[in-house]
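target_20.cif (mmCIF, C-alpha atoms)
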data_coords
loop_
_atom_site.label_atom_id
_atom_site.label_comp_id
_atom_site.auth_asym_id
_atom_site.auth_seq_id
_atom_site.Cartn_x
_atom_site.Cartn_y
_atom_site.Cartn_z
CA VAL E 1 -1.37 15.77 2.90
CA GLN E 2 -1.63 14.93 -0.79
CA LEU E 3 -0.81 11.40 -1.94
CA VAL E 4 -0.21 10.41 -5.54
CA GLU E 5 0.17 6.78 -6.60
CA SER E 6 1.72 5.45 -9.77
CA GLY E 7 2.83 2.17 -11.24
CA GLY E 8 -0.29 0.09 -11.62
CA GLY E 9 -0.98 -1.99 -14.68
CA SER E 10 -1.62 -5.45 -16.02
CA VAL E 11 0.65 -8.44 -15.60
CA GLN E 12 0.49 -12.18 -15.94
CA ALA E 13 0.45 -14.41 -12.90
CA GLY E 14 3.94 -14.85 -11.51
CA GLY E 15 5.01 -11.44 -12.73
CA SER E 16 6.00 -8.32 -10.83
CA LEU E 17 4.88 -4.72 -10.50
CA ARG E 18 6.15 -1.80 -8.48
CA LEU E 19 3.80 0.81 -7.09
CA SER E 20 4.91 4.19 -5.81
CA CYS E 21 3.24 6.76 -3.61
CA GLU E 22 4.52 10.29 -3.19
CA ALA E 23 3.36 12.40 -0.29
CA SER E 24 3.33 16.19 -0.22
CA GLU E 25 4.81 16.07 3.26
CA TYR E 26 6.26 13.55 5.62
CA THR E 27 3.96 11.47 7.77
CA GLY E 28 5.05 8.83 10.20
CA THR E 29 3.11 5.94 8.76
CA MET E 30 2.34 5.11 5.17
CA SER E 31 0.30 2.06 4.24
CA TRP E 32 -1.10 0.26 1.24
CA PHE E 33 -4.67 -0.92 1.02
CA ARG E 34 -6.29 -3.04 -1.65
CA GLN E 35 -9.92 -3.05 -2.74
CA ILE E 36 -11.43 -5.84 -4.77
CA PRO E 37 -14.76 -5.06 -6.47
CA GLY E 38 -17.65 -5.64 -4.11
CA LYS E 39 -15.40 -5.98 -1.08
CA GLU E 40 -14.02 -3.79 1.67
CA ARG E 41 -10.78 -1.87 1.30
CA ASP E 42 -8.26 -4.02 3.18
CA TRP E 43 -4.89 -3.16 4.66
CA ILE E 44 -2.09 -5.17 3.07
CA ALA E 45 1.15 -3.48 4.14
CA GLY E 46 2.36 -0.58 6.20
CA ASP E 47 5.54 1.17 7.25
CA ALA E 48 5.76 2.96 10.58
CA GLY E 49 8.72 5.07 9.50
CA GLY E 50 12.12 4.72 7.92
CA GLY E 51 11.43 1.57 5.98
CA ARG E 52 12.68 -0.52 8.87
CA ASN E 53 9.33 -1.07 10.53
CA ALA E 54 7.30 -2.68 7.80
CA TYR E 55 4.38 -4.98 8.38
CA TYR E 56 2.43 -7.15 5.98
CA ALA E 57 -0.86 -8.96 5.77
CA GLN E 58 -0.49 -12.71 5.61
CA SER E 59 -1.84 -12.77 2.06
CA VAL E 60 1.14 -10.79 0.74
CA LYS E 61 3.91 -11.60 3.20
CA GLY E 62 7.00 -12.89 1.43
CA ARG E 63 5.86 -11.53 -1.94
CA PHE E 64 5.42 -7.79 -1.35
CA THR E 65 8.04 -5.43 0.05
CA ILE E 66 7.75 -1.82 1.16
CA SER E 67 10.57 0.67 0.80
CA ARG E 68 10.78 4.37 1.65
CA ASP E 69 13.23 6.94 0.34
CA ALA E 70 15.69 8.93 2.42
CA ALA E 71 13.41 11.94 2.57
CA LYS E 72 10.58 9.59 3.59
CA ARG E 73 8.07 11.25 1.36
CA THR E 74 7.93 8.39 -1.15
CA MET E 75 6.92 4.83 -0.47
CA SER E 76 7.15 1.98 -2.94
CA LEU E 77 5.54 -1.43 -2.96
CA GLN E 78 7.44 -4.10 -4.84
CA MET E 79 5.02 -6.88 -5.73
CA ASN E 80 6.49 -10.18 -6.85
CA ASN E 81 4.95 -13.52 -7.76
CA LEU E 82 1.63 -11.84 -8.38
CA LYS E 83 -1.52 -13.92 -8.32
CA PRO E 84 -4.94 -13.32 -9.91
CA GLU E 85 -6.36 -12.73 -6.43
CA ASP E 86 -4.04 -9.72 -6.11
CA THR E 87 -6.18 -7.94 -8.69
CA GLY E 88 -7.77 -4.79 -7.37
CA VAL E 89 -7.35 -1.08 -6.82
CA TYR E 90 -4.39 -0.25 -4.62
CA TYR E 91 -4.50 2.81 -2.41
CA CYS E 92 -1.77 4.59 -0.55
CA ALA E 93 -2.73 6.08 2.81
CA ALA E 94 -0.92 8.13 5.42
CA HIS E 95 -1.29 8.64 9.14
CA THR E 96 0.67 10.22 11.93
CA ARG E 97 0.64 6.95 13.87
CA TYR E 98 0.71 3.29 12.92
CA SER E 99 -2.59 1.59 12.21
CA GLU E 100 -3.89 -1.27 10.08
CA TRP E 101 -7.48 -0.08 10.26
CA ARG E 102 -8.73 1.85 7.26
CA ASP E 103 -11.08 4.10 9.24
CA ASP E 104 -8.10 5.55 11.08
CA TYR E 105 -6.71 7.00 7.86
CA ILE E 106 -7.83 10.38 6.55
CA TYR E 107 -5.18 10.88 3.86
CA TRP E 108 -5.67 8.74 0.75
CA GLY E 109 -4.33 8.58 -2.76
CA GLN E 110 -6.56 8.26 -5.78
CA GLY E 111 -5.87 4.55 -6.25
CA THR E 112 -4.16 2.63 -9.02
CA GLN E 113 -5.48 -0.47 -10.74
CA VAL E 114 -3.53 -3.73 -10.68
CA THR E 115 -4.76 -6.58 -12.86
CA VAL E 116 -3.21 -10.03 -12.74
CA SER E 117 -4.36 -12.57 -15.29
#

Hey, can you dump this file as structure tokens for me?
Amino acid sequence: VQLVESGGGSVQAGGSLRLSCEASEYTGTMSWFRQIPGKERDWIAGDAGGGRNAYYAQSVKGRFTISRDAAKRTMSLQMNNLKPEDTGVYYCAAHTRYSEWRDDYIYWGQGTQVTVS
């Protein structure tokens, strides 16, 4: 499975960005992870299929929203009210089953940088 992310960039605090991830084929679960320099890659949001089973880390709940298209090969992450601590590299990952643990995932995108100042 190939994953390609897009949509990163720089924004001021309080602003919004939308990330997208396109998969070469459908997988049941798609998730977003975030890596801050010098820290582990952490799970922040995941969808177990259909866009109706989305889960969020407490740090982003209420600000970030996942959506998936009808064909379920593209997942988006709408990020609102961004904070400087949201700065990092955002990775899309895919799995056949739901997990919030990064070591369970073998399919990863290349990452996209988000900078909030």

Checklist line | Answer key for the PyMOL selection byres ((chain E and resi 27) around 10), residues as a PyMOL selection string | finding: chain E and resi 1+23-26+28-30+48-49+72-73+93-97+107

Writing out the chosen residues with C-alpha atoms as a tab-separated table (two decimals), in the frame of the given file:
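After the write, out_20.tsv holds the following:
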chain	number	residue	atom	x	y	z
E	1	VAL	CA	-1.37	15.77	2.90
E	23	ALA	CA	3.36	12.40	-0.29
E	24	SER	CA	3.33	16.19	-0.22
E	25	GLU	CA	4.81	16.07	3.26
E	26	TYR	CA	6.26	13.55	5.62
E	28	GLY	CA	5.05	8.83	10.20
E	29	THR	CA	3.11	5.94	8.76
E	30	MET	CA	2.34	5.11	5.17
E	48	ALA	CA	5.76	2.96	10.58
E	49	GLY	CA	8.72	5.07	9.50
E	72	LYS	CA	10.58	9.59	3.59
E	73	ARG	CA	8.07	11.25	1.36
E	93	ALA	CA	-2.73	6.08	2.81
E	94	ALA	CA	-0.92	8.13	5.42
E	95	HIS	CA	-1.29	8.64	9.14
E	96	THR	CA	0.67	10.22	11.93
E	97	ARG	CA	0.64	6.95	13.87
E	107	TYR	CA	-5.18	10.88	3.86

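Reported to one decimal place, the separation of atom CA of E:Glu85 from atom CA of E:Asp104 is 25.4 Å.
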
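Atom CA of E:Cys92 is positioned 10.4 Å from atom CA of E:Thr74.
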
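What separates atom CA of E:Tyr98 from atom CA of E:Tyr56 is a distance of 12.7 Å.
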
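Here the question is which of E:Thr65, E:Ser59, E:Gln35, E:Gln110 gets nearest to E:Thr87 using all atoms listed in the file, and that residue is E:Gln35.
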
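Comparing E:Gly46, E:Ser20, E:Gly8, E:Asn81 by their smallest distance to E:Tyr105, the closest is E:Gly46 (using only C-alpha atoms).
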
Checklist line | Residues selected by the PyMOL selection byres ((chain E and resi 79) around 10), written as a PyMOL selection string | finding: chain E and resi 14-19+60+62-66+76-78+80-83+86

Can those selected residues be exported to a file as a compact mmCIF listing (two decimals), in the frame of the given file so that it contains C-alpha atoms?
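The resulting file, part33.txt, is shown below:
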# COMPACT_ATOMS: atom_id res chain seq x y z
CA GLY E 14 3.94 -14.85 -11.51
CA GLY E 15 5.01 -11.44 -12.73
CA SER E 16 6.00 -8.32 -10.83
CA LEU E 17 4.88 -4.72 -10.50
CA ARG E 18 6.15 -1.80 -8.48
CA LEU E 19 3.80 0.81 -7.09
CA VAL E 60 1.14 -10.79 0.74
CA GLY E 62 7.00 -12.89 1.43
CA ARG E 63 5.86 -11.53 -1.94
CA PHE E 64 5.42 -7.79 -1.35
CA THR E 65 8.04 -5.43 0.05
CA ILE E 66 7.75 -1.82 1.16
CA SER E 76 7.15 1.98 -2.94
CA LEU E 77 5.54 -1.43 -2.96
CA GLN E 78 7.44 -4.10 -4.84
CA ASN E 80 6.49 -10.18 -6.85
CA ASN E 81 4.95 -13.52 -7.76
CA LEU E 82 1.63 -11.84 -8.38
CA LYS E 83 -1.52 -13.92 -8.32
CA ASP E 86 -4.04 -9.72 -6.11

Margin query: Can you translate the PyMOL selection byres ((chain E and resi 55) around 10) into the concrete residues it hits in this file, as a PyMOL selection string?
Written below: chain E and resi 31+44-48+51-54+56-58+61+65-66+100

Based on the selection just made, write C-alpha atoms of those residues as a PDB file, in the frame of the given file.
ATOM      1  CA  SER E  31       0.300   2.060   4.240  1.00  0.00           C
ATOM      2  CA  ILE E  44      -2.090  -5.170   3.070  1.00  0.00           C
ATOM      3  CA  ALA E  45       1.150  -3.480   4.140  1.00  0.00           C
ATOM      4  CA  GLY E  46       2.360  -0.580   6.200  1.00  0.00           C
ATOM      5  CA  ASP E  47       5.540   1.170   7.250  1.00  0.00           C
ATOM      6  CA  ALA E  48       5.760   2.960  10.580  1.00  0.00           C
ATOM      7  CA  GLY E  51      11.430   1.570   5.980  1.00  0.00           C
ATOM      8  CA  ARG E  52      12.680  -0.520   8.870  1.00  0.00           C
ATOM      9  CA  ASN E  53       9.330  -1.070  10.530  1.00  0.00           C
ATOM     10  CA  ALA E  54       7.300  -2.680   7.800  1.00  0.00           C
ATOM     11  CA  TYR E  56       2.430  -7.150   5.980  1.00  0.00           C
ATOM     12  CA  ALA E  57      -0.860  -8.960   5.770  1.00  0.00           C
ATOM     13  CA  GLN E  58      -0.490 -12.710   5.610  1.00  0.00           C
ATOM     14  CA  LYS E  61       3.910 -11.600   3.200  1.00  0.00           C
ATOM     15  CA  THR E  65       8.040  -5.430   0.050  1.00  0.00           C
ATOM     16  CA  ILE E  66       7.750  -1.820   1.160  1.00  0.00           C
ATOM     17  CA  GLU E 100      -3.890  -1.270  10.080  1.00  0.00           C
TER      18      GLU E 100
END

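Of the listed residues E:Val11, E:Ser117, E:Trp43, E:Val89, the one whose atoms come nearest to E:Arg102 is E:Trp43, with distances taken using only C-alpha atoms.
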
Check: From the set E:Tyr90, E:Leu3, E:Trp101, E:Val114, which residue has the shortest atom-to-atom contact distance to E:Arg34, counting all atoms listed in the file?
Finding: E:Tyr90
